[in-house]
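Chemist: Below is the file protein.cif, with mmCIF, C-alpha atoms (C1' of nucleotides).
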```
data_work
#
loop_
_atom_site.label_atom_id
_atom_site.label_comp_id
_atom_site.auth_asym_id
_atom_site.auth_seq_id
_atom_site.Cartn_x
_atom_site.Cartn_y
_atom_site.Cartn_z
CA MET A 221 5.68 -10.84 -5.01
CA PHE A 222 2.83 -10.44 -7.51
CA PHE A 223 -0.07 -10.27 -5.05
CA SER A 224 -1.26 -8.08 -2.20
CA LYS A 225 -0.69 -9.43 1.27
CA THR A 226 -4.44 -9.97 1.57
CA CYS A 227 -4.32 -12.16 -1.51
CA GLU A 228 -1.35 -14.16 -0.24
CA TYR A 229 -3.25 -14.93 2.96
CA ALA A 230 -6.35 -15.77 0.93
CA LEU A 231 -4.51 -18.29 -1.22
CA ARG A 232 -2.82 -19.93 1.74
CA ALA A 233 -6.13 -20.12 3.61
CA VAL A 234 -7.95 -21.60 0.66
CA PHE A 235 -5.24 -24.23 0.23
CA PHE A 236 -5.54 -25.04 3.91
CA ILE A 237 -9.31 -25.27 3.86
CA ALA A 238 -9.34 -27.38 0.70
CA GLN A 239 -6.85 -29.77 2.20
CA LYS A 240 -8.58 -30.13 5.56
CA SER A 241 -12.06 -30.30 4.11
CA GLU A 242 -11.17 -32.82 1.46
CA HIS A 243 -13.25 -35.43 3.24
CA GLY A 244 -16.10 -33.21 4.38
CA ARG A 245 -14.48 -31.78 7.47
CA LYS A 246 -14.97 -28.11 8.38
CA VAL A 247 -12.31 -25.87 9.90
CA GLY A 248 -12.77 -22.89 12.22
CA ILE A 249 -11.08 -19.54 11.92
CA ARG A 250 -8.74 -20.22 14.81
CA GLU A 251 -7.44 -23.40 13.25
CA ILE A 252 -7.01 -21.70 9.91
CA ALA A 253 -5.12 -18.72 11.35
CA ALA A 254 -2.82 -21.10 13.21
CA GLY A 255 -2.46 -23.35 10.18
CA ILE A 256 -1.27 -20.63 7.86
CA ASP A 257 0.29 -18.36 10.48
CA SER A 258 -1.80 -15.25 9.87
CA PRO A 259 -3.54 -12.67 12.07
CA GLU A 260 -6.85 -14.26 13.09
CA PRO A 261 -9.22 -11.28 12.71
CA PHE A 262 -7.66 -10.33 9.41
CA ILE A 263 -8.01 -13.72 7.78
CA ALA A 264 -11.55 -13.84 9.20
CA LYS A 265 -12.46 -10.76 7.18
CA ILE A 266 -10.87 -12.14 4.06
CA LEU A 267 -12.70 -15.45 4.35
CA GLN A 268 -15.97 -13.63 4.94
CA ASP A 269 -15.48 -11.99 1.60
CA LEU A 270 -14.48 -15.17 -0.21
CA SER A 271 -17.51 -16.87 1.28
CA LYS A 272 -19.85 -14.14 0.06
CA ARG A 273 -18.39 -14.56 -3.40
CA GLY A 274 -18.96 -18.30 -3.29
CA LEU A 275 -15.26 -19.16 -3.50
CA ILE A 276 -15.45 -21.07 -0.25
CA GLN A 277 -18.36 -22.30 1.84
CA SER A 278 -19.15 -21.65 5.47
CA ALA A 279 -21.53 -22.82 8.18
CA LYS A 280 -22.39 -21.03 11.42
CA GLY A 281 -22.86 -22.51 14.84
CA PRO A 282 -21.28 -25.48 16.58
CA THR A 283 -19.73 -27.97 14.15
CA GLY A 284 -19.64 -25.04 11.76
CA GLY A 285 -16.63 -23.58 10.02
CA PHE A 286 -15.24 -23.08 6.55
CA TYR A 287 -15.02 -25.73 3.88
CA THR A 288 -14.98 -26.21 0.14
CA ASP A 289 -17.40 -28.30 -1.84
CA ALA A 290 -16.36 -30.39 -4.84
CA GLU A 291 -17.21 -27.57 -7.22
CA THR A 292 -15.33 -24.75 -5.54
CA ARG A 293 -12.35 -26.96 -4.95
CA ASN A 294 -12.06 -26.98 -8.72
CA ASN A 295 -11.68 -23.21 -8.80
CA THR A 296 -8.35 -21.92 -10.03
CA LEU A 297 -5.80 -19.64 -8.44
CA ALA A 298 -6.97 -17.00 -10.91
CA ASP A 299 -10.46 -17.07 -9.38
CA ILE A 300 -9.07 -16.21 -5.95
CA VAL A 301 -6.59 -13.67 -7.25
CA SER A 302 -9.10 -11.72 -9.30
CA ALA A 303 -11.65 -11.81 -6.47
CA VAL A 304 -9.15 -10.31 -4.03
CA ASP A 305 -6.81 -8.18 -6.14
CA GLY A 306 -9.03 -7.48 -9.11
CA ASN A 307 -7.75 -7.88 -12.63
CA ARG A 308 -4.88 -5.39 -12.60
CA LEU A 309 -2.45 -8.32 -12.78
CA PHE A 310 -4.20 -9.70 -15.85
CA THR A 311 -4.90 -6.49 -17.71
CA GLY A 312 -2.85 -3.65 -16.17
CA CYS A 313 0.02 -1.80 -17.81
CA GLY A 314 3.59 -2.39 -16.57
CA LEU A 315 4.19 1.35 -16.30
CA GLY A 316 0.80 2.13 -14.76
CA LEU A 317 -0.78 3.77 -17.81
CA LYS A 318 -4.55 3.54 -17.93
CA GLU A 319 -4.59 3.37 -21.68
CA CYS A 320 -2.04 0.88 -22.92
CA SER A 321 -2.67 -1.56 -25.74
CA ALA A 322 -1.10 -2.96 -28.87
CA ASN A 323 -2.42 0.16 -30.62
CA LYS A 324 -1.06 2.67 -28.17
CA PRO A 325 1.58 0.74 -26.23
CA CYS A 326 3.92 1.82 -23.49
CA PRO A 327 7.57 1.05 -24.26
CA VAL A 328 7.54 -2.24 -22.40
CA HIS A 329 4.10 -3.36 -23.54
CA ASN A 330 5.15 -6.37 -25.62
CA GLU A 331 7.83 -7.59 -23.26
CA PHE A 332 5.35 -7.51 -20.39
CA ALA A 333 2.46 -9.00 -22.33
CA LYS A 334 4.45 -12.19 -22.88
CA ILE A 335 5.17 -12.70 -19.21
CA ARG A 336 1.75 -11.60 -18.10
CA ASP A 337 0.16 -14.11 -20.45
CA GLN A 338 2.24 -16.95 -19.08
CA LEU A 339 1.39 -15.96 -15.55
CA SER A 340 -2.26 -15.78 -16.54
CA ILE A 341 -2.22 -19.20 -18.16
CA MET A 342 -0.57 -20.67 -15.11
CA LEU A 343 -3.04 -19.11 -12.69
CA HIS A 344 -6.02 -20.11 -14.81
CA SER A 345 -4.91 -23.70 -15.18
CA THR A 346 -3.90 -24.38 -11.59
CA THR A 347 -6.70 -25.57 -9.32
CA ILE A 348 -6.99 -25.11 -5.60
CA MET A 349 -7.22 -28.76 -4.79
CA GLN A 350 -4.25 -29.87 -6.80
CA PHE A 351 -1.93 -29.22 -3.86
CA ASN A 352 -3.87 -31.30 -1.34
CA GLU A 353 -1.73 -34.36 -1.69
CA GLU A 354 1.67 -32.72 -1.44
CA LEU A 355 0.42 -30.75 1.58
CA ASN A 356 -0.76 -33.97 3.19
CA LEU A 357 2.61 -35.54 2.53
CA GLY A 358 4.46 -32.56 3.99
CA LEU A 359 6.19 -31.85 0.69
CA SER A 360 5.22 -28.21 0.65
CA TYR A 361 4.38 -25.56 3.23
CA ILE A 362 1.86 -22.78 3.74
CA LYS A 363 3.18 -21.40 7.00
CA GLU A 364 6.44 -19.93 8.25
CA ARG A 365 7.39 -21.98 11.21
CA MET B 149 0.99 -4.50 -12.37
CA PHE B 150 4.27 -5.88 -10.99
CA PHE B 151 5.71 -2.65 -9.58
CA SER B 152 4.83 -0.05 -6.98
CA LYS B 153 3.44 3.22 -8.31
CA THR B 154 6.68 4.88 -7.29
CA CYS B 155 8.57 2.44 -9.47
CA GLU B 156 6.23 2.96 -12.43
CA TYR B 157 6.84 6.71 -12.24
CA ALA B 158 10.57 6.09 -11.87
CA LEU B 159 10.75 3.98 -15.01
CA ARG B 160 8.70 6.41 -17.05
CA ALA B 161 10.83 9.33 -15.83
CA VAL B 162 14.05 7.55 -16.60
CA PHE B 163 12.84 6.71 -20.10
CA PHE B 164 11.91 10.34 -20.56
CA ILE B 165 15.22 11.66 -19.29
CA ALA B 166 17.23 9.19 -21.35
CA GLN B 167 15.35 10.15 -24.48
CA LYS B 168 15.61 13.91 -23.96
CA SER B 169 19.19 13.84 -22.79
CA GLU B 170 20.38 11.58 -25.57
CA HIS B 171 22.36 14.45 -27.09
CA GLY B 172 23.56 16.07 -23.89
CA ARG B 173 20.44 18.04 -23.06
CA LYS B 174 19.21 18.33 -19.48
CA VAL B 175 15.58 18.38 -18.39
CA GLY B 176 14.01 20.09 -15.39
CA ILE B 177 11.54 18.55 -13.00
CA ARG B 178 8.63 20.54 -14.42
CA GLU B 179 9.24 19.26 -17.93
CA ILE B 180 9.63 15.70 -16.67
CA ALA B 181 6.41 15.79 -14.64
CA ALA B 182 4.55 17.15 -17.64
CA GLY B 183 6.21 14.68 -19.98
CA ILE B 184 5.20 11.60 -18.04
CA ASP B 185 2.03 13.03 -16.46
CA SER B 186 3.00 12.59 -12.81
CA PRO B 187 2.70 14.74 -9.66
CA GLU B 188 5.64 17.11 -9.77
CA PRO B 189 6.78 17.01 -6.12
CA PHE B 190 6.43 13.25 -6.03
CA ILE B 191 8.55 12.55 -9.06
CA ALA B 192 11.03 15.11 -7.71
CA LYS B 193 11.51 12.97 -4.61
CA ILE B 194 11.90 9.83 -6.65
CA LEU B 195 14.51 11.38 -8.92
CA GLN B 196 16.40 12.72 -5.94
CA ASP B 197 16.74 9.17 -4.76
CA LEU B 198 17.72 7.76 -8.15
CA SER B 199 20.29 10.52 -8.45
CA LYS B 200 21.80 9.70 -5.06
CA ARG B 201 22.10 6.09 -6.18
CA GLY B 202 23.84 7.12 -9.37
CA LEU B 203 21.08 5.80 -11.63
CA ILE B 204 20.64 9.23 -13.19
CA GLN B 205 22.69 12.41 -13.05
CA SER B 206 21.67 15.89 -11.99
CA ALA B 207 23.02 19.44 -12.02
CA LYS B 208 21.83 22.35 -9.90
CA GLY B 209 21.37 25.95 -10.92
CA PRO B 210 20.41 27.58 -14.21
CA THR B 211 20.91 25.28 -17.21
CA GLY B 212 20.77 22.48 -14.65
CA GLY B 213 18.39 19.55 -14.57
CA PHE B 214 18.43 15.78 -14.82
CA TYR B 215 20.23 13.76 -17.44
CA THR B 216 21.86 10.42 -18.05
CA ASP B 217 25.42 9.84 -19.10
CA ALA B 218 26.46 7.14 -21.55
CA GLU B 219 27.13 4.71 -18.74
CA THR B 220 23.88 5.05 -16.81
CA ARG B 221 21.87 4.96 -20.01
CA ASN B 222 23.14 1.41 -20.30
CA ASN B 223 21.56 0.47 -17.01
CA THR B 224 18.76 -2.07 -17.18
CA LEU B 225 15.16 -1.94 -16.03
CA ALA B 226 16.23 -4.31 -13.26
CA ASP B 227 18.60 -1.69 -11.87
CA ILE B 228 15.77 0.81 -11.50
CA VAL B 229 13.29 -1.73 -10.20
CA SER B 230 15.56 -3.12 -7.52
CA ALA B 231 16.63 0.39 -6.46
CA VAL B 232 13.02 1.47 -5.97
CA ASP B 233 11.13 -1.70 -5.03
CA GLY B 234 13.96 -3.78 -3.64
CA ASN B 235 14.40 -7.39 -4.65
CA ARG B 236 11.09 -8.84 -3.50
CA LEU B 237 10.11 -9.28 -7.16
CA PHE B 238 13.28 -11.23 -7.87
CA THR B 239 13.50 -13.31 -4.73
CA GLY B 240 10.17 -13.17 -2.88
CA CYS B 241 7.71 -16.04 -2.36
CA GLY B 242 4.42 -16.02 -4.27
CA LEU B 243 2.49 -16.70 -1.08
CA GLY B 244 4.48 -14.27 1.04
CA LEU B 245 6.46 -16.83 3.04
CA LYS B 246 9.80 -15.57 4.33
CA GLU B 247 11.36 -18.98 4.01
CA CYS B 248 10.56 -20.53 0.68
CA SER B 249 13.05 -22.41 -1.42
CA ALA B 250 13.44 -25.57 -3.48
CA ASN B 251 14.18 -27.32 -0.16
CA LYS B 252 11.17 -26.01 1.70
CA PRO B 253 8.84 -24.81 -1.02
CA CYS B 254 5.38 -23.31 -0.86
CA PRO B 255 2.86 -25.12 -3.04
CA VAL B 256 3.29 -22.77 -5.98
CA HIS B 257 7.05 -22.40 -5.68
CA ASN B 258 8.03 -24.08 -8.93
CA GLU B 259 5.26 -22.59 -11.02
CA PHE B 260 6.19 -19.12 -9.84
CA ALA B 261 9.92 -19.61 -10.13
CA LYS B 262 9.56 -20.20 -13.87
CA ILE B 263 7.68 -16.98 -14.46
CA ARG B 264 9.77 -14.99 -12.06
CA ASP B 265 12.93 -16.11 -13.82
CA GLN B 266 11.62 -15.04 -17.20
CA LEU B 267 10.60 -11.69 -15.81
CA SER B 268 14.01 -11.36 -14.24
CA ILE B 269 15.82 -12.20 -17.47
CA MET B 270 13.73 -9.68 -19.35
CA LEU B 271 14.32 -6.91 -16.83
CA HIS B 272 18.04 -7.62 -16.64
CA SER B 273 18.50 -7.65 -20.41
CA THR B 274 16.46 -4.58 -21.27
CA THR B 275 18.36 -1.29 -21.16
CA ILE B 276 16.95 2.15 -20.45
CA MET B 277 18.09 3.67 -23.69
CA GLN B 278 16.74 1.00 -25.96
CA PHE B 279 13.37 2.76 -26.15
CA ASN B 280 14.76 6.15 -27.19
CA GLU B 281 14.15 5.66 -30.88
CA GLU B 282 10.57 4.41 -30.69
CA LEU B 283 9.75 7.22 -28.26
CA ASN B 284 11.25 9.74 -30.68
CA LEU B 285 9.19 8.25 -33.48
CA GLY B 286 6.01 8.36 -31.41
CA LEU B 287 5.60 4.60 -31.59
CA SER B 288 5.17 4.20 -27.85
CA TYR B 289 3.95 6.34 -24.99
CA ILE B 290 4.93 7.16 -21.42
CA LYS B 291 2.04 9.43 -20.54
CA GLU B 292 -1.73 9.14 -20.40
CA ARG B 293 -3.03 11.93 -22.54
"C1'" DC C 231 29.01 39.80 -6.41
"C1'" DT C 232 24.20 39.44 -7.12
"C1'" DA C 233 19.89 37.73 -8.77
"C1'" DA C 234 17.77 34.00 -10.79
"C1'" DT C 235 17.37 29.19 -11.39
"C1'" DA C 236 17.03 24.44 -10.23
"C1'" DA C 237 17.88 20.46 -7.43
"C1'" DA C 238 18.33 18.68 -2.38
"C1'" DA C 239 16.55 18.19 2.00
"C1'" DG C 240 13.26 18.00 5.50
"C1'" DA C 241 8.84 18.07 7.37
"C1'" DT C 242 3.94 17.23 6.73
"C1'" DA C 243 -0.53 15.52 4.81
"C1'" DA C 244 -3.79 12.41 2.52
"C1'" DA C 245 -5.14 7.91 0.92
"C1'" DA C 246 -4.89 3.07 0.83
"C1'" DA C 247 -3.73 -1.30 2.80
"C1'" DA C 248 -3.21 -4.09 6.68
"C1'" DC C 249 -4.92 -5.30 10.90
"C1'" DT C 250 -8.11 -5.31 15.36
"C1'" DC C 251 -12.08 -5.17 18.28
"C1'" DT C 252 -17.04 -5.48 19.46
"C1'" DT C 253 -21.63 -6.71 18.55
"C1'" DT C 254 -25.00 -9.44 16.02
"C1'" DT C 255 -26.94 -13.47 13.77
"C1'" DA C 256 -27.41 -18.28 12.79
"C1'" DT C 257 -27.01 -23.05 14.16
"C1'" DT C 258 -26.77 -27.05 16.92
"C1'" DA C 259 -26.42 -30.11 20.78
"C1'" DT C 260 -28.44 -30.79 25.09
"C1'" DA D 95 -36.20 -23.63 24.96
"C1'" DT D 96 -31.46 -22.65 26.16
"C1'" DA D 97 -26.61 -22.29 26.30
"C1'" DA D 98 -22.68 -22.71 23.65
"C1'" DT D 99 -20.44 -22.18 19.36
"C1'" DA D 100 -18.87 -20.06 15.24
"C1'" DA D 101 -19.33 -17.04 11.35
"C1'" DA D 102 -21.13 -12.23 9.73
"C1'" DA D 103 -21.25 -7.49 10.14
"C1'" DG D 104 -19.79 -3.10 11.43
"C1'" DA D 105 -16.82 0.16 13.29
"C1'" DG D 106 -12.41 1.30 14.44
"C1'" DT D 107 -6.94 1.65 14.51
"C1'" DT D 108 -2.22 1.32 12.73
"C1'" DT D 109 1.07 1.22 9.20
"C1'" DT D 110 2.62 1.95 4.65
"C1'" DT D 111 2.37 4.20 0.40
"C1'" DT D 112 1.52 8.11 -2.18
"C1'" DA D 113 1.67 12.91 -2.50
"C1'" DT D 114 2.58 17.90 -1.06
"C1'" DC D 115 4.72 21.98 0.88
"C1'" DT D 116 8.61 24.79 2.57
"C1'" DT D 117 13.31 25.84 3.22
"C1'" DT D 118 18.11 25.24 1.97
"C1'" DT D 119 22.07 24.65 -1.02
"C1'" DA D 120 24.51 24.83 -5.31
"C1'" DT D 121 25.35 26.89 -9.77
"C1'" DT D 122 25.40 30.09 -13.42
"C1'" DA D 123 24.59 34.16 -16.22
"C1'" DG D 124 24.99 38.93 -16.19
#
```
Once you've parsed the file, please lay out its structure as structure tokens.
Modeler:
Amino acid sequence: MFFSKTCEYALRAVFFIAQKSEHGRKVGIREIAAGIDSPEPFIAKILQDLSKRGLIQSAKGPTGGFYTDAETRNNTLADIVSAVDGNRLFTGCGLGLKECSANKPCPVHNEFAKIRDQLSIMLHSTTIMQFNEELNLGLSYIKER
Amino acid sequence: MFFSKTCEYALRAVFFIAQKSEHGRKVGIREIAAGIDSPEPFIAKILQDLSKRGLIQSAKGPTGGFYTDAETRNNTLADIVSAVDGNRLFTGCGLGLKECSANKPCPVHNEFAKIRDQLSIMLHSTTIMQFNEELNLGLSYIKER
DNA sequence: CTAATAAAAGATAAAAAACTCTTTTATTAT
DNA sequence: ATAATAAAAGAGTTTTTTATCTTTTATTAG
């Protein structure tokens, strides 16, 4: 809806990892791909990138896998979104103009700014780990079937 | 930001046409492309489609061009957006799940529904022609330079 | 009725996003 | 040490989106 497909997968994967690794457990790529119903090599690439950026942790070798430490679990949705999709969602113009500001606005500038700000506040104030419990309880879903 | 590039061009073009054709005048593709700073053959294709859908009007031959009649000028941003980008923005899931509803929600379902609804209300209550005056007065812009 | 004009239609090309495959590197349990 | 495991890295491929080019059809002014 608002994000690239890559970003949607990233968010679902990070939710999955945070949930599974809540008590120190690590999860492999295969389990993640199955858990969020995504193409395995594609989500692998995405996680590689998130790992490099420090948004998730990883360990190689047997018993290895992806996980989140206490700190990164406190990251917000906005951290993931801007890492993957950049800041176009937070700063871009609704009509695609490069220059668009209160000074030199596009016609819909003010209308969009309101909604964009609310979206931004929401994404910046929602943490990754805050869905762990409802996921554990089966109250919400991160895969199709 | 929220729309495809095609849709951004479409909105800008429709604003331009509505403004110029406010008093019955028609505008050619060349003038439109220059007026909104877009690739000429690309916006031509987009307008062809909008015309077929009845969201703008067109006339062939000399003195021809694109225009909007009183009725279509009353169309909303939502009409253009859903014609070009479909309804993913209005009905899609934030995490890209095909099935996602209050019954079987993704983790961010409720948070996103709020923002989506506001965006939807805004788009459905904003008409094409309501920017004519500010565009005439040079108070807002639909091109880069 | 003809020439000029302008949109419509159709076919193609380039760029970006989504997705896949293969090889390498690090780690660990035995 | 070695074999097994799992992520990292690098090099593709496919699909979708964005953009372009060429030909056809309709309309109008002279």
Chemist: Using only C-alpha atoms, find the residues of chain A whose closest atom to chain B is at most 6 Å away, then write them as a compact mmCIF listing (two decimals) with C-alpha atoms, in the coordinates of the input.
Modeler:
```txt
# COMPACT_ATOMS: atom_id res chain seq x y z
CA MET A 221 5.68 -10.84 -5.01
CA PHE A 222 2.83 -10.44 -7.51
CA GLU A 228 -1.35 -14.16 -0.24
CA ARG A 308 -4.88 -5.39 -12.60
CA LEU A 309 -2.45 -8.32 -12.78
CA GLY A 312 -2.85 -3.65 -16.17
CA GLY A 314 3.59 -2.39 -16.57
CA LEU A 315 4.19 1.35 -16.30
CA GLY A 316 0.80 2.13 -14.76
CA PRO A 325 1.58 0.74 -26.23
CA CYS A 326 3.92 1.82 -23.49
CA PRO A 327 7.57 1.05 -24.26
CA SER A 360 5.22 -28.21 0.65
CA TYR A 361 4.38 -25.56 3.23
CA ILE A 362 1.86 -22.78 3.74
```
Chemist: Can you list what the PyMOL selection byres ((chain B) within 6 of (chain D)) grabs from this structure, as a list in words?
Modeler: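 Residues picked by the PyMOL selection byres ((chain B) within 6 of (chain D)): Phe190, Lys208, Gly209 and Pro210 of chain B.
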Chemist: Using every C-alpha atom paired in order, could you least-squares fit chain B onto chain A and give me the moved chain as a short mmCIF file (atom, residue, chain, number, x, y, z; two decimals) with C-alpha atoms, in the frame of the given file?
Modeler:
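Final output, saved to out-v2.cif:
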```
data_model
loop_
_atom_site.label_atom_id
_atom_site.label_comp_id
_atom_site.auth_asym_id
_atom_site.auth_seq_id
_atom_site.Cartn_x
_atom_site.Cartn_y
_atom_site.Cartn_z
CA MET B 149 5.68 -10.85 -5.01
CA PHE B 150 2.83 -10.45 -7.52
CA PHE B 151 -0.08 -10.29 -5.06
CA SER B 152 -1.27 -8.10 -2.22
CA LYS B 153 -0.71 -9.47 1.27
CA THR B 154 -4.44 -9.98 1.55
CA CYS B 155 -4.33 -12.17 -1.53
CA GLU B 156 -1.35 -14.17 -0.25
CA TYR B 157 -3.26 -14.93 2.96
CA ALA B 158 -6.35 -15.77 0.92
CA LEU B 159 -4.53 -18.31 -1.22
CA ARG B 160 -2.83 -19.93 1.74
CA ALA B 161 -6.14 -20.12 3.62
CA VAL B 162 -7.95 -21.60 0.68
CA PHE B 163 -5.24 -24.23 0.24
CA PHE B 164 -5.54 -25.03 3.92
CA ILE B 165 -9.31 -25.27 3.87
CA ALA B 166 -9.34 -27.38 0.72
CA GLN B 167 -6.84 -29.79 2.21
CA LYS B 168 -8.58 -30.13 5.58
CA SER B 169 -12.06 -30.29 4.14
CA GLU B 170 -11.18 -32.81 1.48
CA HIS B 171 -13.26 -35.45 3.26
CA GLY B 172 -16.11 -33.25 4.40
CA ARG B 173 -14.48 -31.78 7.48
CA LYS B 174 -14.95 -28.13 8.39
CA VAL B 175 -12.32 -25.87 9.92
CA GLY B 176 -12.77 -22.91 12.24
CA ILE B 177 -11.08 -19.56 11.91
CA ARG B 178 -8.74 -20.23 14.83
CA GLU B 179 -7.42 -23.41 13.27
CA ILE B 180 -7.01 -21.71 9.90
CA ALA B 181 -5.11 -18.74 11.35
CA ALA B 182 -2.82 -21.11 13.21
CA GLY B 183 -2.44 -23.35 10.18
CA ILE B 184 -1.27 -20.63 7.84
CA ASP B 185 0.29 -18.35 10.48
CA SER B 186 -1.82 -15.26 9.85
CA PRO B 187 -3.56 -12.68 12.07
CA GLU B 188 -6.85 -14.26 13.07
CA PRO B 189 -9.22 -11.29 12.69
CA PHE B 190 -7.65 -10.36 9.38
CA ILE B 191 -8.01 -13.74 7.77
CA ALA B 192 -11.54 -13.86 9.19
CA LYS B 193 -12.43 -10.77 7.17
CA ILE B 194 -10.86 -12.17 4.05
CA LEU B 195 -12.72 -15.46 4.34
CA GLN B 196 -15.97 -13.64 4.94
CA ASP B 197 -15.49 -11.99 1.60
CA LEU B 198 -14.48 -15.17 -0.22
CA SER B 199 -17.51 -16.87 1.28
CA LYS B 200 -19.85 -14.13 0.07
CA ARG B 201 -18.40 -14.57 -3.41
CA GLY B 202 -18.98 -18.30 -3.29
CA LEU B 203 -15.28 -19.15 -3.50
CA ILE B 204 -15.48 -21.09 -0.25
CA GLN B 205 -18.39 -22.30 1.86
CA SER B 206 -19.16 -21.64 5.50
CA ALA B 207 -21.53 -22.83 8.22
CA LYS B 208 -22.37 -21.03 11.45
CA GLY B 209 -22.84 -22.50 14.89
CA PRO B 210 -21.29 -25.50 16.62
CA THR B 211 -19.72 -27.98 14.19
CA GLY B 212 -19.64 -25.04 11.79
CA GLY B 213 -16.63 -23.57 10.05
CA PHE B 214 -15.24 -23.09 6.56
CA TYR B 215 -15.03 -25.73 3.88
CA THR B 216 -15.01 -26.21 0.15
CA ASP B 217 -17.41 -28.30 -1.84
CA ALA B 218 -16.38 -30.38 -4.83
CA GLU B 219 -17.22 -27.57 -7.21
CA THR B 220 -15.34 -24.73 -5.52
CA ARG B 221 -12.34 -26.95 -4.95
CA ASN B 222 -12.06 -26.97 -8.72
CA ASN B 223 -11.69 -23.22 -8.81
CA THR B 224 -8.36 -21.91 -10.04
CA LEU B 225 -5.80 -19.63 -8.44
CA ALA B 226 -6.98 -17.00 -10.92
CA ASP B 227 -10.46 -17.06 -9.40
CA ILE B 228 -9.08 -16.22 -5.97
CA VAL B 229 -6.60 -13.67 -7.25
CA SER B 230 -9.10 -11.74 -9.32
CA ALA B 231 -11.65 -11.81 -6.48
CA VAL B 232 -9.16 -10.32 -4.03
CA ASP B 233 -6.82 -8.18 -6.15
CA GLY B 234 -9.05 -7.49 -9.12
CA ASN B 235 -7.76 -7.87 -12.65
CA ARG B 236 -4.90 -5.39 -12.61
CA LEU B 237 -2.46 -8.32 -12.79
CA PHE B 238 -4.20 -9.69 -15.86
CA THR B 239 -4.90 -6.49 -17.72
CA GLY B 240 -2.85 -3.66 -16.19
CA CYS B 241 0.03 -1.77 -17.83
CA GLY B 242 3.58 -2.38 -16.58
CA LEU B 243 4.19 1.35 -16.31
CA GLY B 244 0.81 2.13 -14.78
CA LEU B 245 -0.77 3.77 -17.82
CA LYS B 246 -4.56 3.55 -17.94
CA GLU B 247 -4.56 3.37 -21.70
CA CYS B 248 -2.02 0.90 -22.94
CA SER B 249 -2.65 -1.53 -25.75
CA ALA B 250 -1.06 -2.95 -28.89
CA ASN B 251 -2.40 0.18 -30.64
CA LYS B 252 -1.03 2.68 -28.17
CA PRO B 253 1.60 0.76 -26.26
CA CYS B 254 3.96 1.82 -23.50
CA PRO B 255 7.59 1.05 -24.26
CA VAL B 256 7.57 -2.25 -22.40
CA HIS B 257 4.13 -3.35 -23.54
CA ASN B 258 5.17 -6.35 -25.61
CA GLU B 259 7.83 -7.59 -23.23
CA PHE B 260 5.36 -7.51 -20.37
CA ALA B 261 2.48 -8.98 -22.31
CA LYS B 262 4.47 -12.17 -22.87
CA ILE B 263 5.18 -12.68 -19.19
CA ARG B 264 1.76 -11.59 -18.10
CA ASP B 265 0.16 -14.09 -20.45
CA GLN B 266 2.24 -16.94 -19.10
CA LEU B 267 1.39 -15.95 -15.56
CA SER B 268 -2.25 -15.77 -16.54
CA ILE B 269 -2.21 -19.20 -18.17
CA MET B 270 -0.57 -20.68 -15.11
CA LEU B 271 -3.04 -19.11 -12.70
CA HIS B 272 -6.03 -20.09 -14.82
CA SER B 273 -4.91 -23.71 -15.19
CA THR B 274 -3.91 -24.38 -11.60
CA THR B 275 -6.72 -25.58 -9.33
CA ILE B 276 -7.00 -25.10 -5.59
CA MET B 277 -7.22 -28.76 -4.79
CA GLN B 278 -4.24 -29.86 -6.80
CA PHE B 279 -1.92 -29.20 -3.85
CA ASN B 280 -3.87 -31.29 -1.34
CA GLU B 281 -1.72 -34.37 -1.71
CA GLU B 282 1.68 -32.71 -1.42
CA LEU B 283 0.44 -30.74 1.58
CA ASN B 284 -0.76 -33.97 3.19
CA LEU B 285 2.62 -35.53 2.52
CA GLY B 286 4.46 -32.55 3.98
CA LEU B 287 6.19 -31.84 0.68
CA SER B 288 5.22 -28.18 0.65
CA TYR B 289 4.38 -25.55 3.22
CA ILE B 290 1.84 -22.77 3.73
CA LYS B 291 3.16 -21.40 7.00
CA GLU B 292 6.41 -19.90 8.23
CA ARG B 293 7.38 -21.95 11.22
#
```
Chemist: Could you please determine the separation between CA of Ser278 in chain A and CA of Ser258 in chain A in Å, to one decimal place?
Modeler: 19.0 Å
Chemist: What does the distance between CA of Ala231 in chain B and CA of Ile269 in chain B come to in Å, to one decimal place?
Modeler: 16.7 Å
Chemist: What are the closest atom pairs, with distances in Å to one decimal, for all residues of chain C lying within 8 Å of chain B? Consider only C-alpha atoms (C1' of nucleotides), order rows by chain and residue number, and present the result as CSV.
Modeler:
```
residue,atom,partner,partner_atom,distance
C:DA234,C1',B:Pro210,CA,7.7
C:DT235,C1',B:Pro210,CA,4.4
C:DA236,C1',B:Gly209,CA,4.6
C:DA237,C1',B:Lys208,CA,5.0
C:DA238,C1',B:Gln196,CA,7.2
```
Chemist: Take the residues from that selection and put them in a file with C-alpha atoms (C1' of nucleotides), as a PDB file, in the frame of the given file.
Modeler:
```pdb
ATOM      1  C1'  DA C 234      17.770  34.000 -10.790  1.00  0.00           C
ATOM      2  C1'  DT C 235      17.370  29.190 -11.390  1.00  0.00           C
ATOM      3  C1'  DA C 236      17.030  24.440 -10.230  1.00  0.00           C
ATOM      4  C1'  DA C 237      17.880  20.460  -7.430  1.00  0.00           C
ATOM      5  C1'  DA C 238      18.330  18.680  -2.380  1.00  0.00           C
TER       6       DA C 238
END
```
Chemist: Separation of CA of His272 in chain B and CA of His171 in chain B, in Å?
Modeler: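 It comes out at 24.8 Å.
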Chemist: Let me know the centre plus edge lengths, in Å and rounded to one decimal, of a box with edges along x, y and z that contains all listed atoms of range 269-285 of chain A and is padded by 3 Å on every side, as AutoDock Vina command-line options.
Modeler:
```
--center_x -18.7 --center_y -20.0 --center_z 6.5 --size_x 14.4 --size_y 22.0 --size_z 26.1
```
